[in-house]
Amino acid sequence: MAAKKAEQALVDQWRDILALHARTQCELDRALHQHGLCASDFEVLDLLAEGSAADGGCAYRVQEISERVHLSQSALSRLIGRLEKDGLVERAMCAEDRRGVRVALTGKGRALHGEVRPVQRAVLTRMLAD
């Protein structure tokens, strides 16, 4: 009986985490929509603005981005294409590996990130505060 209660508590905790994630994702999408972004768009911009890639450069390989954001490779490629079309990021071939692609923020992308970052952080503060 105790094992069954412990198992149910674990399942309930997992479902609470999923529900919190879903509510937070919806709130982020709603707040960021005013700026032409969704939560996934912002995650990529935020990663690119954060600092240096694994090799110390200012541009990330698409593979590095995919390891840090929770999107499939094809969804990430479409997202990067949209951000590039909007002038927020630019893609370039990797000098060291011609099969690889690097992605970096443009000036416009950096400015938008700076404008929207406080909005995203405010939503996280509100949604994740205990």
# chains A, B, ... in the order shown; residues from 1 in each chain; ligands from 1
>>> select_by_dssp(residues="region 25-118 of chain A", states="strand (DSSP E or B)", output="PyMOL selection string")
chain A and resi 60-61+89-93+101-105
>>> residues_around(residues="Leu47 (chain A)", least_positions_apart="2", cutoff="9 Å", atoms="only C-alpha atoms", output="mmCIF file with N, CA, C and O atoms, in the first residue's frame")
data_model
loop_
_atom_site.group_PDB
_atom_site.id
_atom_site.type_symbol
_atom_site.label_atom_id
_atom_site.label_comp_id
_atom_site.auth_asym_id
_atom_site.auth_seq_id
_atom_site.Cartn_x
_atom_site.Cartn_y
_atom_site.Cartn_z
ATOM 1 N N PHE A 42 12.084 33.077 -28.857
ATOM 2 C CA PHE A 42 12.854 33.779 -27.836
ATOM 3 C C PHE A 42 13.962 32.898 -27.265
ATOM 4 O O PHE A 42 15.065 33.386 -27.011
ATOM 5 N N GLU A 43 13.689 31.618 -27.059
ATOM 6 C CA GLU A 43 14.717 30.717 -26.514
ATOM 7 C C GLU A 43 15.957 30.710 -27.395
ATOM 8 O O GLU A 43 17.084 30.722 -26.899
ATOM 9 N N VAL A 44 15.754 30.682 -28.708
ATOM 10 C CA VAL A 44 16.897 30.690 -29.629
ATOM 11 C C VAL A 44 17.611 32.030 -29.561
ATOM 12 O O VAL A 44 18.848 32.081 -29.462
ATOM 13 N N LEU A 45 16.871 33.140 -29.589
ATOM 14 C CA LEU A 45 17.505 34.458 -29.475
ATOM 15 C C LEU A 45 18.261 34.594 -28.164
ATOM 16 O O LEU A 45 19.379 35.123 -28.127
ATOM 17 N N ALA A 49 22.206 35.254 -27.608
ATOM 18 C CA ALA A 49 22.627 36.476 -26.916
ATOM 19 C C ALA A 49 23.429 36.193 -25.653
ATOM 20 O O ALA A 49 24.172 37.052 -25.182
ATOM 21 N N GLU A 50 23.264 34.980 -25.111
ATOM 22 C CA GLU A 50 23.866 34.608 -23.826
ATOM 23 C C GLU A 50 25.371 34.712 -23.780
ATOM 24 O O GLU A 50 25.945 35.050 -22.776
ATOM 25 N N GLY A 51 26.014 34.337 -24.811
ATOM 26 C CA GLY A 51 27.459 34.329 -24.746
ATOM 27 C C GLY A 51 28.045 33.508 -25.846
ATOM 28 O O GLY A 51 27.507 33.418 -26.935
ATOM 29 N N TYR A 60 26.666 30.175 -33.007
ATOM 30 C CA TYR A 60 26.459 28.787 -32.608
ATOM 31 C C TYR A 60 26.224 27.925 -33.831
ATOM 32 O O TYR A 60 25.530 28.349 -34.768
ATOM 33 N N ILE A 65 22.736 24.535 -30.976
ATOM 34 C CA ILE A 65 21.433 25.090 -30.603
ATOM 35 C C ILE A 65 20.451 23.962 -30.333
ATOM 36 O O ILE A 65 19.725 23.983 -29.333
ATOM 37 N N ARG A 68 20.445 22.454 -26.981
ATOM 38 C CA ARG A 68 20.039 23.300 -25.858
ATOM 39 C C ARG A 68 18.562 23.663 -25.847
ATOM 40 O O ARG A 68 18.039 24.056 -24.809
ATOM 41 N N VAL A 69 17.900 23.603 -26.993
ATOM 42 C CA VAL A 69 16.471 23.907 -27.047
ATOM 43 C C VAL A 69 15.718 22.620 -27.329
ATOM 44 O O VAL A 69 16.252 21.688 -27.901
#
>>> atom_distance(atom1="CA of Leu83 (chain A)", atom2="CA of Leu37 (chain A)")
9.2 Å
>>> closest_residue(among="A:Gln13, A:Ser77, A:Gln120, A:Gln34", to="Val62 (chain A)", atoms="only C-alpha atoms")
A:Ser77
>>> atom_distance(atom1="CA of Leu112 (chain A)", atom2="CA of Ala31 (chain A)")
13.9 Å
>>> select_by_dssp(residues="chain A", states="helix (DSSP H, G or I)", output="PyMOL selection string")
chain A and resi 2-33+39-50+62-68+73-85+107-128
>>> atom_distance(atom1="CA of Cys38 (chain A)", atom2="CA of Arg23 (chain A)")
14.0 Å
